[in-house]
file data.pdb (PDB, C-alpha atoms)
MODEL        1
ATOM      1  CA  MET W  23      14.213   0.520 -19.641
ATOM      2  CA  SER W  24      17.816   0.718 -18.522
ATOM      3  CA  LYS W  25      18.725   1.868 -15.062
ATOM      4  CA  VAL W  26      20.472   4.993 -16.341
ATOM      5  CA  ALA W  27      17.436   6.036 -18.307
ATOM      6  CA  SER W  28      15.117   5.661 -15.350
ATOM      7  CA  VAL W  29      17.469   7.738 -13.209
ATOM      8  CA  LEU W  30      17.753  10.402 -15.892
ATOM      9  CA  SER W  31      14.057  10.637 -16.496
ATOM     10  CA  LEU W  32      13.363  11.467 -12.820
ATOM     11  CA  GLU W  33       9.582  11.232 -12.773
ATOM     12  CA  ASP W  34       7.420  11.514 -15.856
ATOM     13  CA  PRO W  35       8.399  14.768 -17.539
ATOM     14  CA  PRO W  36       5.457  17.055 -18.299
ATOM     15  CA  TRP W  37       4.803  16.574 -21.993
ATOM     16  CA  PRO W  38       4.063  18.486 -24.114
ATOM     17  CA  PRO W  39       5.365  21.634 -22.385
ATOM     18  CA  SER W  40       2.519  24.076 -21.932
ATOM     19  CA  VAL W  41       1.932  27.644 -20.891
ATOM     20  CA  ASP W  42       1.802  26.418 -17.291
ATOM     21  CA  GLU W  43       5.603  26.311 -17.406
ATOM     22  CA  PHE W  44       5.537  30.101 -17.455
ATOM     23  CA  PHE W  45       3.563  30.361 -14.221
ATOM     24  CA  PRO W  46       5.638  28.959 -11.381
ATOM     25  CA  PRO W  47       3.909  29.021  -8.005
ATOM     26  CA  GLY W  48       4.599  31.845  -5.550
ATOM     27  CA  LEU W  49       7.539  31.258  -3.220
ATOM     28  CA  PHE W  50       7.146  30.752   0.522
ATOM     29  CA  GLY W  51       3.389  30.726   0.120
ATOM     30  CA  ILE W  52       3.297  34.359  -1.008
ATOM     31  CA  ASP W  53       1.422  34.687  -4.281
ATOM     32  CA  TRP W  54       3.171  37.722  -5.696
ATOM     33  CA  LEU W  55       6.693  36.621  -4.737
ATOM     34  CA  THR W  56       7.493  34.614  -7.863
ATOM     35  CA  LYS W  57      10.680  33.547  -9.563
ATOM     36  CA  PHE W  58      10.175  36.420 -12.021
ATOM     37  CA  MET W  59      10.000  38.972  -9.228
ATOM     38  CA  LEU W  60      13.267  37.702  -7.766
ATOM     39  CA  MET W  61      14.896  37.660 -11.201
ATOM     40  CA  VAL W  62      13.975  41.281 -11.847
ATOM     41  CA  TRP W  63      15.425  42.258  -8.450
ATOM     42  CA  LEU W  64      18.506  40.235  -9.259
ATOM     43  CA  ALA W  65      18.881  41.950 -12.639
ATOM     44  CA  ILE W  66      18.598  45.380 -11.051
ATOM     45  CA  ALA W  67      21.095  44.451  -8.336
ATOM     46  CA  VAL W  68      23.556  43.033 -10.880
ATOM     47  CA  ILE W  69      23.339  46.145 -13.057
ATOM     48  CA  ILE W  70      23.719  48.590 -10.154
ATOM     49  CA  VAL W  71      26.632  46.707  -8.640
ATOM     50  CA  PHE W  72      28.326  46.323 -12.024
ATOM     51  CA  PHE W  73      28.215  50.011 -12.857
ATOM     52  CA  LEU W  74      29.115  51.066  -9.308
ATOM     53  CA  VAL W  75      32.147  48.797  -9.339
ATOM     54  CA  ALA W  76      33.091  49.881 -12.845
ATOM     55  CA  TYR W  77      33.022  53.575 -11.961
ATOM     56  CA  ARG W  78      34.074  53.345  -8.317
ATOM     57  CA  ASN W  79      37.583  54.397  -9.096
ATOM     58  CA  PRO W  80      37.611  55.629 -12.693
ATOM     59  CA  LYS W  81      40.969  55.883 -14.383
ATOM     60  CA  VAL W  82      42.084  57.597 -17.557
ATOM     61  CA  VAL W  83      43.335  54.287 -18.803
ATOM     62  CA  PRO W  84      40.375  52.076 -17.927
ATOM     63  CA  GLY W  85      40.671  48.658 -16.372
ATOM     64  CA  ARG W  86      38.711  45.758 -17.779
ATOM     65  CA  THR W  87      35.440  46.361 -15.899
ATOM     66  CA  GLN W  88      35.534  50.087 -16.551
ATOM     67  CA  TRP W  89      36.314  49.414 -20.189
ATOM     68  CA  LEU W  90      33.297  47.125 -20.492
ATOM     69  CA  ALA W  91      30.973  49.636 -18.856
ATOM     70  CA  GLU W  92      32.322  52.436 -21.006
ATOM     71  CA  SER W  93      31.935  50.439 -24.184
ATOM     72  CA  ILE W  94      28.330  49.596 -23.361
ATOM     73  CA  TYR W  95      27.532  53.231 -22.699
ATOM     74  CA  GLY W  96      29.590  54.417 -25.653
ATOM     75  CA  PHE W  97      27.900  51.937 -27.945
ATOM     76  CA  THR W  98      24.439  53.148 -26.944
ATOM     77  CA  ARG W  99      25.379  56.808 -27.039
ATOM     78  CA  ASP W 100      27.166  56.779 -30.379
ATOM     79  CA  GLY W 101      25.585  53.781 -32.053
ATOM     80  CA  ILE W 102      21.963  54.420 -31.141
ATOM     81  CA  ALA W 103      21.390  57.814 -29.526
ATOM     82  CA  LYS W 104      23.537  59.935 -31.855
ATOM     83  CA  GLU W 105      23.076  57.735 -34.893
ATOM     84  CA  VAL W 106      19.290  57.468 -34.770
ATOM     85  CA  ILE W 107      18.116  60.559 -32.901
ATOM     86  CA  GLY W 108      20.869  62.886 -34.017
ATOM     87  CA  HIS W 109      22.774  65.505 -32.095
ATOM     88  CA  GLU W 110      20.007  65.948 -29.505
ATOM     89  CA  GLY W 111      20.069  62.246 -28.822
ATOM     90  CA  VAL W 112      22.888  62.434 -26.292
ATOM     91  CA  ARG W 113      20.500  63.468 -23.534
ATOM     92  CA  PHE W 114      18.541  60.255 -24.058
ATOM     93  CA  ALA W 115      21.659  58.100 -23.887
ATOM     94  CA  PRO W 116      21.316  57.364 -20.136
ATOM     95  CA  TYR W 117      17.733  56.154 -20.563
ATOM     96  CA  LEU W 118      18.581  54.123 -23.657
ATOM     97  CA  THR W 119      21.580  52.530 -21.955
ATOM     98  CA  THR W 120      19.555  51.630 -18.876
ATOM     99  CA  LEU W 121      16.905  50.097 -21.098
ATOM    100  CA  LEU W 122      19.453  48.184 -23.142
ATOM    101  CA  VAL W 123      21.289  46.777 -20.148
ATOM    102  CA  PHE W 124      18.129  45.864 -18.279
ATOM    103  CA  ILE W 125      16.562  44.079 -21.238
ATOM    104  CA  ALA W 126      19.822  42.372 -22.155
ATOM    105  CA  VAL W 127      20.368  41.064 -18.623
ATOM    106  CA  THR W 128      16.783  39.911 -18.131
ATOM    107  CA  ASN W 129      16.810  38.297 -21.597
ATOM    108  CA  LEU W 130      20.048  36.475 -20.867
ATOM    109  CA  PHE W 131      18.401  34.889 -17.808
ATOM    110  CA  ALA W 132      16.746  32.646 -20.396
ATOM    111  CA  ILE W 133      19.982  30.717 -20.850
ATOM    112  CA  ILE W 134      21.546  30.953 -17.389
ATOM    113  CA  PRO W 135      21.337  27.608 -15.580
ATOM    114  CA  LEU W 136      18.774  27.411 -12.737
ATOM    115  CA  LEU W 137      17.117  30.662 -13.825
ATOM    116  CA  GLN W 138      16.506  29.441 -17.376
ATOM    117  CA  ILE W 139      13.589  31.695 -18.159
ATOM    118  CA  SER W 140      13.430  35.360 -18.996
ATOM    119  CA  PRO W 141      11.029  37.665 -17.143
ATOM    120  CA  ASN W 142      10.373  39.149 -20.559
ATOM    121  CA  SER W 143       8.555  35.971 -21.532
ATOM    122  CA  HIS W 144       5.695  37.419 -19.491
ATOM    123  CA  ILE W 145       3.937  40.139 -21.440
ATOM    124  CA  ALA W 146       3.721  42.307 -18.305
ATOM    125  CA  PHE W 147       7.425  43.180 -18.306
ATOM    126  CA  PRO W 148       7.780  44.203 -21.968
ATOM    127  CA  ALA W 149       4.448  46.010 -21.643
ATOM    128  CA  MET W 150       5.719  48.122 -18.745
ATOM    129  CA  LEU W 151       8.966  48.922 -20.548
ATOM    130  CA  THR W 152       6.961  49.862 -23.620
ATOM    131  CA  LEU W 153       4.684  52.071 -21.547
ATOM    132  CA  VAL W 154       7.710  54.031 -20.344
ATOM    133  CA  THR W 155       8.955  54.481 -23.912
ATOM    134  CA  PHE W 156       5.454  55.317 -25.143
ATOM    135  CA  VAL W 157       4.919  58.031 -22.525
ATOM    136  CA  LEU W 158       8.434  59.332 -23.146
ATOM    137  CA  TYR W 159       8.089  59.828 -26.882
ATOM    138  CA  ILE W 160       4.636  61.343 -26.610
ATOM    139  CA  TYR W 161       5.871  63.645 -23.856
ATOM    140  CA  TRP W 162       8.781  64.826 -25.980
ATOM    141  CA  GLY W 163       6.599  65.186 -29.054
ATOM    142  CA  VAL W 164       4.152  67.376 -27.134
ATOM    143  CA  LYS W 165       6.960  69.293 -25.467
ATOM    144  CA  THR W 166       8.722  70.019 -28.754
ATOM    145  CA  HIS W 167       5.757  70.815 -30.966
ATOM    146  CA  GLY W 168       2.910  71.522 -28.541
ATOM    147  CA  ALA W 169      -0.047  69.160 -28.250
ATOM    148  CA  GLY W 170      -1.730  70.393 -31.430
ATOM    149  CA  GLY W 171       1.497  70.544 -33.372
ATOM    150  CA  TYR W 172       2.444  67.026 -32.374
ATOM    151  CA  LEU W 173      -0.953  65.619 -33.330
ATOM    152  CA  LYS W 174      -0.862  67.503 -36.627
ATOM    153  CA  LYS W 175       2.636  66.264 -37.336
ATOM    154  CA  SER W 176       1.905  62.635 -36.571
ATOM    155  CA  LEU W 177      -1.621  62.405 -37.959
ATOM    156  CA  PHE W 178      -1.569  64.642 -41.032
ATOM    157  CA  PRO W 179       1.221  63.781 -43.480
ATOM    158  CA  PRO W 180       2.147  66.876 -45.487
ATOM    159  CA  ASP W 181       1.658  67.384 -49.246
ATOM    160  CA  VAL W 182      -1.460  65.235 -49.492
ATOM    161  CA  PRO W 183      -4.673  66.209 -51.331
ATOM    162  CA  LEU W 184      -7.206  67.331 -48.744
ATOM    163  CA  PRO W 185      -9.879  64.591 -49.184
ATOM    164  CA  LEU W 186      -7.281  61.884 -48.721
ATOM    165  CA  TYR W 187      -6.820  62.881 -45.074
ATOM    166  CA  LEU W 188     -10.175  61.259 -44.394
ATOM    167  CA  LEU W 189      -8.619  57.982 -45.462
ATOM    168  CA  LEU W 190      -5.116  58.453 -44.129
ATOM    169  CA  THR W 191      -5.521  60.100 -40.730
ATOM    170  CA  PRO W 192      -7.197  57.102 -39.051
ATOM    171  CA  ILE W 193      -4.440  54.890 -40.421
ATOM    172  CA  GLU W 194      -1.723  57.178 -39.091
ATOM    173  CA  PHE W 195      -3.482  57.343 -35.733
ATOM    174  CA  PHE W 196      -3.667  53.569 -35.499
ATOM    175  CA  MET W 197      -0.047  53.286 -36.560
ATOM    176  CA  VAL W 198       1.419  55.785 -34.103
ATOM    177  CA  PHE W 199      -0.689  55.172 -31.012
ATOM    178  CA  ILE W 200      -1.631  51.512 -31.251
ATOM    179  CA  ILE W 201       0.544  49.485 -33.625
ATOM    180  CA  ARG W 202       3.806  51.047 -32.429
ATOM    181  CA  PRO W 203       3.552  50.266 -28.704
ATOM    182  CA  PHE W 204       1.881  46.914 -29.347
ATOM    183  CA  THR W 205       4.521  45.636 -31.745
ATOM    184  CA  LEU W 206       7.284  46.968 -29.516
ATOM    185  CA  ALA W 207       6.019  44.972 -26.527
ATOM    186  CA  LEU W 208       4.902  41.937 -28.502
ATOM    187  CA  ARG W 209       8.176  41.523 -30.389
ATOM    188  CA  LEU W 210      10.226  41.248 -27.209
ATOM    189  CA  PHE W 211       7.632  39.109 -25.423
ATOM    190  CA  ALA W 212       7.087  36.723 -28.332
ATOM    191  CA  ASN W 213      10.786  36.214 -28.928
ATOM    192  CA  MET W 214      11.522  35.360 -25.318
ATOM    193  CA  PHE W 215       8.379  33.230 -24.958
ATOM    194  CA  ALA W 216       9.091  31.258 -28.112
ATOM    195  CA  GLY W 217      12.751  30.886 -27.193
ATOM    196  CA  HIS W 218      11.949  29.383 -23.806
ATOM    197  CA  MET W 219       9.306  27.111 -25.310
ATOM    198  CA  MET W 220      11.757  25.895 -27.947
ATOM    199  CA  LEU W 221      14.426  25.049 -25.384
ATOM    200  CA  LEU W 222      11.815  23.235 -23.285
ATOM    201  CA  VAL W 223      10.630  21.203 -26.244
ATOM    202  CA  PHE W 224      14.103  19.978 -27.099
ATOM    203  CA  THR W 225      15.309  19.416 -23.546
ATOM    204  CA  ILE W 226      12.242  17.613 -22.226
ATOM    205  CA  GLY W 227      11.747  16.046 -25.640
ATOM    206  CA  GLY W 228      15.108  14.355 -25.196
ATOM    207  CA  PHE W 229      13.867  12.666 -22.019
ATOM    208  CA  VAL W 230      10.591  11.698 -23.619
ATOM    209  CA  LEU W 231      12.430  10.073 -26.536
ATOM    210  CA  LEU W 232      14.733   8.305 -24.121
ATOM    211  CA  ASN W 233      11.733   6.800 -22.368
ATOM    212  CA  ALA W 234       9.986   5.967 -25.612
ATOM    213  CA  GLY W 235      11.878   2.736 -26.240
ATOM    214  CA  VAL W 236      15.138   1.410 -27.615
ATOM    215  CA  LEU W 237      14.338   2.542 -31.140
ATOM    216  CA  PHE W 238      13.874   6.183 -30.180
ATOM    217  CA  ALA W 239      16.471   6.483 -27.441
ATOM    218  CA  PRO W 240      19.383   7.442 -29.750
ATOM    219  CA  ILE W 241      17.351  10.293 -31.204
ATOM    220  CA  SER W 242      17.342  11.905 -27.781
ATOM    221  CA  LEU W 243      21.040  12.648 -28.315
ATOM    222  CA  LEU W 244      20.122  14.603 -31.431
ATOM    223  CA  SER W 245      17.471  16.432 -29.436
ATOM    224  CA  TRP W 246      19.996  17.456 -26.786
ATOM    225  CA  ALA W 247      22.540  18.453 -29.395
ATOM    226  CA  LEU W 248      19.896  20.747 -30.825
ATOM    227  CA  THR W 249      19.328  22.139 -27.333
ATOM    228  CA  VAL W 250      22.960  23.226 -27.260
ATOM    229  CA  VAL W 251      22.734  24.823 -30.700
ATOM    230  CA  LEU W 252      19.476  26.541 -29.830
ATOM    231  CA  THR W 253      20.941  27.841 -26.583
ATOM    232  CA  ILE W 254      23.610  29.636 -28.580
ATOM    233  CA  PHE W 255      20.909  30.875 -30.932
ATOM    234  CA  GLU W 256      18.861  32.034 -27.942
ATOM    235  CA  THR W 257      21.821  34.048 -26.666
ATOM    236  CA  LEU W 258      21.972  35.850 -29.990
ATOM    237  CA  VAL W 259      18.233  36.482 -29.961
ATOM    238  CA  ALA W 260      18.373  37.789 -26.384
ATOM    239  CA  LEU W 261      21.026  40.382 -27.208
ATOM    240  CA  LEU W 262      19.516  41.236 -30.579
ATOM    241  CA  GLN W 263      16.054  41.847 -29.125
ATOM    242  CA  ALA W 264      17.485  44.132 -26.460
ATOM    243  CA  TYR W 265      19.208  46.079 -29.228
ATOM    244  CA  VAL W 266      16.102  46.188 -31.423
ATOM    245  CA  PHE W 267      13.938  47.423 -28.554
ATOM    246  CA  VAL W 268      16.325  50.264 -27.812
ATOM    247  CA  LEU W 269      16.847  51.056 -31.498
ATOM    248  CA  LEU W 270      13.101  51.399 -32.024
ATOM    249  CA  THR W 271      12.748  53.505 -28.884
ATOM    250  CA  GLY W 272      15.381  55.775 -30.386
ATOM    251  CA  SER W 273      13.663  55.895 -33.727
ATOM    252  CA  TYR W 274      10.289  56.747 -32.147
ATOM    253  CA  LEU W 275      11.929  59.499 -30.121
ATOM    254  CA  GLN W 276      13.528  60.794 -33.277
ATOM    255  CA  ALA W 277      10.126  60.864 -34.996
ATOM    256  CA  SER W 278       8.759  62.887 -32.074
ATOM    257  CA  LEU W 279      11.624  65.365 -32.059
ATOM    258  CA  THR W 280      12.093  66.179 -35.745
ATOM    259  CA  ALA W 281       9.975  68.738 -37.519
ATOM    260  CA  GLU W 282       8.690  66.349 -40.166
ATOM    261  CA  HIS W 283       8.826  62.611 -40.533
TER     262      HIS W 283
ATOM    263  CA  MET J  20      12.548  67.619 -53.054
ATOM    264  CA  THR J  21      12.443  69.503 -49.769
ATOM    265  CA  GLY J  22      14.495  72.576 -50.559
ATOM    266  CA  GLY J  23      14.130  74.161 -47.125
ATOM    267  CA  GLN J  24      15.896  71.407 -45.264
ATOM    268  CA  PRO J  25      19.673  71.460 -45.283
ATOM    269  CA  SER J  26      19.956  67.741 -45.852
ATOM    270  CA  GLN J  27      18.163  64.490 -45.286
ATOM    271  CA  PRO J  28      18.118  63.726 -41.547
ATOM    272  CA  PRO J  29      20.161  60.654 -40.681
ATOM    273  CA  THR J  30      17.854  57.717 -41.233
ATOM    274  CA  SER J  31      17.937  54.831 -38.794
ATOM    275  CA  SER J  32      19.683  51.749 -40.068
ATOM    276  CA  GLY J  33      17.228  49.962 -42.331
ATOM    277  CA  GLY J  34      16.030  47.483 -39.706
ATOM    278  CA  ASN J  35      13.115  49.707 -38.848
ATOM    279  CA  ASP J  36      11.880  50.119 -42.419
ATOM    280  CA  GLY J  37      10.310  46.694 -42.610
ATOM    281  CA  TRP J  38       8.295  47.362 -39.475
ATOM    282  CA  ILE J  39       7.080  50.669 -40.844
ATOM    283  CA  VAL J  40       5.837  48.978 -44.009
ATOM    284  CA  VAL J  41       4.135  46.139 -42.140
ATOM    285  CA  GLY J  42       2.678  48.601 -39.656
ATOM    286  CA  TYR J  43       1.168  50.837 -42.328
ATOM    287  CA  LEU J  44      -0.314  47.982 -44.335
ATOM    288  CA  LEU J  45      -1.696  46.303 -41.218
ATOM    289  CA  SER J  46      -3.141  49.444 -39.719
ATOM    290  CA  GLY J  47      -4.650  50.488 -43.057
ATOM    291  CA  ILE J  48      -6.464  47.224 -43.511
ATOM    292  CA  LEU J  49      -7.405  46.833 -39.829
ATOM    293  CA  VAL J  50      -8.748  50.338 -39.331
ATOM    294  CA  TRP J  51     -10.874  50.502 -42.439
ATOM    295  CA  SER J  52     -12.167  46.963 -42.363
ATOM    296  CA  GLY J  53     -13.051  47.728 -38.738
ATOM    297  CA  VAL J  54     -15.065  50.719 -39.910
ATOM    298  CA  GLY J  55     -16.606  48.493 -42.587
ATOM    299  CA  TRP J  56     -17.477  45.937 -39.931
ATOM    300  CA  LEU J  57     -19.255  48.583 -37.856
ATOM    301  CA  ILE J  58     -21.238  49.734 -40.900
ATOM    302  CA  ASP J  59     -22.059  46.116 -41.645
ATOM    303  CA  ARG J  60     -23.313  45.561 -38.095
ATOM    304  CA  TRP J  61     -25.454  48.631 -38.470
ATOM    305  CA  LEU J  62     -26.972  48.076 -41.924
ATOM    306  CA  HIS J  63     -26.611  44.277 -42.366
ATOM    307  CA  LEU J  64     -25.111  44.257 -45.843
ATOM    308  CA  ASN J  65     -23.653  40.719 -45.766
ATOM    309  CA  GLY J  66     -20.101  41.824 -45.100
ATOM    310  CA  ILE J  67     -19.679  43.867 -48.244
ATOM    311  CA  PRO J  68     -18.618  47.008 -46.303
ATOM    312  CA  ILE J  69     -15.850  44.963 -44.672
ATOM    313  CA  ALA J  70     -14.450  44.034 -48.090
ATOM    314  CA  ILE J  71     -14.668  47.590 -49.330
ATOM    315  CA  GLY J  72     -13.043  48.819 -46.125
ATOM    316  CA  ALA J  73     -10.212  46.317 -46.399
ATOM    317  CA  ILE J  74      -9.454  47.370 -49.980
ATOM    318  CA  LEU J  75      -9.663  51.071 -49.118
ATOM    319  CA  GLY J  76      -7.405  50.530 -46.125
ATOM    320  CA  ALA J  77      -4.880  48.602 -48.201
ATOM    321  CA  VAL J  78      -4.861  51.459 -50.717
ATOM    322  CA  GLY J  79      -4.322  53.992 -47.949
ATOM    323  CA  GLY J  80      -1.586  51.900 -46.365
ATOM    324  CA  ILE J  81       0.247  51.425 -49.654
ATOM    325  CA  TYR J  82      -0.073  55.129 -50.383
ATOM    326  CA  LEU J  83       1.475  55.999 -47.015
ATOM    327  CA  VAL J  84       4.308  53.513 -47.553
ATOM    328  CA  MET J  85       5.040  54.978 -50.976
ATOM    329  CA  ARG J  86       4.974  58.499 -49.553
ATOM    330  CA  ARG J  87       7.383  57.515 -46.831
ATOM    331  CA  PHE J  88       9.898  55.749 -49.013
ATOM    332  CA  SER J  89       9.770  57.631 -52.298
ATOM    333  CA  PRO J  90      12.928  59.734 -52.642
TER     334      PRO J  90
ENDMDL
END

call {"tool": "encode", "arguments": {"input": "data.pdb", "output": "structure tokens"}}
result
Amino acid sequence: MSKVASVLSLEDPPWPPSVDEFFPPGLFGIDWLTKFMLMVWLAIAVIIVFFLVAYRNPKVVPGRTQWLAESIYGFTRDGIAKEVIGHEGVRFAPYLTTLLVFIAVTNLFAIIPLLQISPNSHIAFPAMLTLVTFVLYIYWGVKTHGAGGYLKKSLFPPDVPLPLYLLLTPIEFFMVFIIRPFTLALRLFANMFAGHMMLLVFTIGGFVLLNAGVLFAPISLLSWALTVVLTIFETLVALLQAYVFVLLTGSYLQASLTAEH
Amino acid sequence: MTGGQPSQPPTSSGGNDGWIVVGYLLSGILVWSGVGWLIDRWLHLNGIPIAIGAILGAVGGIYLVMRRFSP
């Protein structure tokens, strides 16, 4: 093995990458103080500071930071809240924007050097975000239609022969109260988990190939080239999943608010 | 079809439609084969209720999808 290779390889890289990579030890000997905890705090701090700075001294003709903040909010308000929920959607725009920005920032941690993993690759974070959305759309459904009205609306599709309800109502129940929140959380979690795993495979895989002998060493370059491509891909996925999560939140809210789905 | 409503409410951009279809089909099959499984546990019928449940559920799921997306 050449000297460069042995320097590059550090010690033996853990291969194949496993789920253990997603459970870094607690910092400073405190179990609950993990990298993920710090990243969530960091995300919140970044978002608060960004919007405070952007709106500290608002002008009619916005500067660059204010313009960025306004476009993010405008995009969510017009592109998601008004578009999906309708006229009433404007009042949900602050929640949807917060959700979008938080998920986008935490997702983008997956590709930021040193952080390099998204908190959303732990099911706990998407699950909590989903819980908020879940409670919100049920709350608004019950508030708009009353508890009975909301259940009737979501469980009993109109214009159906009476005996068919026996078949359909359990399906609708499963769909609205179980499949919806589960897929919402799982989609975000699985995308970020798989993305991190993929980057690990190609990055560490490069080192493994380099150590594997002269014949395999050149292939490691291909592996690292793919890492670069996949990093760009991962950026797209990170932003897209944030958008999808918020879009679906909007569409569930819309289903709760309208008279008939 | 619905004369009372002024117009079709603005539908979300098609991205959600696929999930609705998958969700209905999945929940149909899961719920009713689950019921079939319970009946099978109870009466020991060699899994036949599970098959019947799965088919029934698929029918229900497809029916709901058609209802949702027929104009």

call {"tool": "resolve_selection", "arguments": {"input": "data.pdb", "expression": "the PyMOL selection byres ((chain J and resi 84) around 12)", "output": "VMD selection string"}}
result
(chain W and resid 179 190 193 to 194 197) or (chain J and resid 36 to 47 77 to 83 85 to 90)

call {"tool": "closest_atom_pairs", "arguments": {"input": "data.pdb", "of": "chain W", "to": "chain J", "cutoff": "9 Å", "atoms": "all atoms listed in the file", "output": "CSV"}}
result
residue,atom,partner,partner_atom,distance
W:Ile102,CA,J:Ser31,CA,8.7
W:Glu105,CA,J:Ser31,CA,7.1
W:Val106,CA,J:Ser31,CA,5.0
W:Ile107,CA,J:Pro29,CA,8.0
W:Gly108,CA,J:Pro29,CA,7.1
W:Pro179,CA,J:Leu83,CA,8.6
W:Leu186,CA,J:Gly79,CA,8.5
W:Leu189,CA,J:Gly79,CA,6.4
W:Leu190,CA,J:Gly79,CA,5.9
W:Pro192,CA,J:Val50,CA,6.9
W:Ile193,CA,J:Gly47,CA,5.1
W:Glu194,CA,J:Tyr43,CA,7.7
W:Phe195,CA,J:Ser46,CA,8.9
W:Phe196,CA,J:Ser46,CA,5.9
W:Met197,CA,J:Ser46,CA,5.9
W:Ile200,CA,J:Ser46,CA,8.8
W:Ile201,CA,J:Gly42,CA,6.5
W:Arg202,CA,J:Gly42,CA,7.7
W:Thr205,CA,J:Gly42,CA,8.6
W:Val266,CA,J:Gly34,CA,8.4
W:Leu269,CA,J:Ser31,CA,8.3
W:Leu270,CA,J:Asn35,CA,7.0
W:Gly272,CA,J:Ser31,CA,8.8
W:Ser273,CA,J:Ser31,CA,6.7
W:Thr280,CA,J:Pro28,CA,8.7
W:His283,CA,J:Arg87,CA,8.2

call {"tool": "residues_around", "arguments": {"input": "data.pdb", "residues": "Thr225 of chain W", "least_positions_apart": "5", "cutoff": "7 Å", "atoms": "only C-alpha atoms", "output": "list in words"}}
result
Ser245, Trp246 and Thr249 of chain W

call {"tool": "atom_distance", "arguments": {"input": "data.pdb", "atom1": "atom CA of Tyr159 of chain W", "atom2": "atom CA of Leu64 of chain W"}}
result
28.3 Å

call {"tool": "atom_distance", "arguments": {"input": "data.pdb", "atom1": "atom CA of Ile241 of chain W", "atom2": "atom CA of Phe229 of chain W"}}
result
10.1 Å

call {"tool": "atom_distance", "arguments": {"input": "data.pdb", "atom1": "atom CA of Leu177 of chain W", "atom2": "atom CA of Gly163 of chain W"}}
result
12.4 Å

call {"tool": "closest_residue", "arguments": {"input": "data.pdb", "among": "W:Leu55, W:Leu158, W:Ile94, W:Leu136", "to": "Phe124 of chain W", "atoms": "all atoms listed in the file"}}
result
W:Ile94

call {"tool": "residues_around", "arguments": {"input": "data.pdb", "residues": "segment 71-88 of chain W", "least_positions_apart": "5", "cutoff": "12 Å", "atoms": "only C-alpha atoms", "output": "ChimeraX atom specification"}}
result
/W:64-66,93-96,119-120,123-124,127
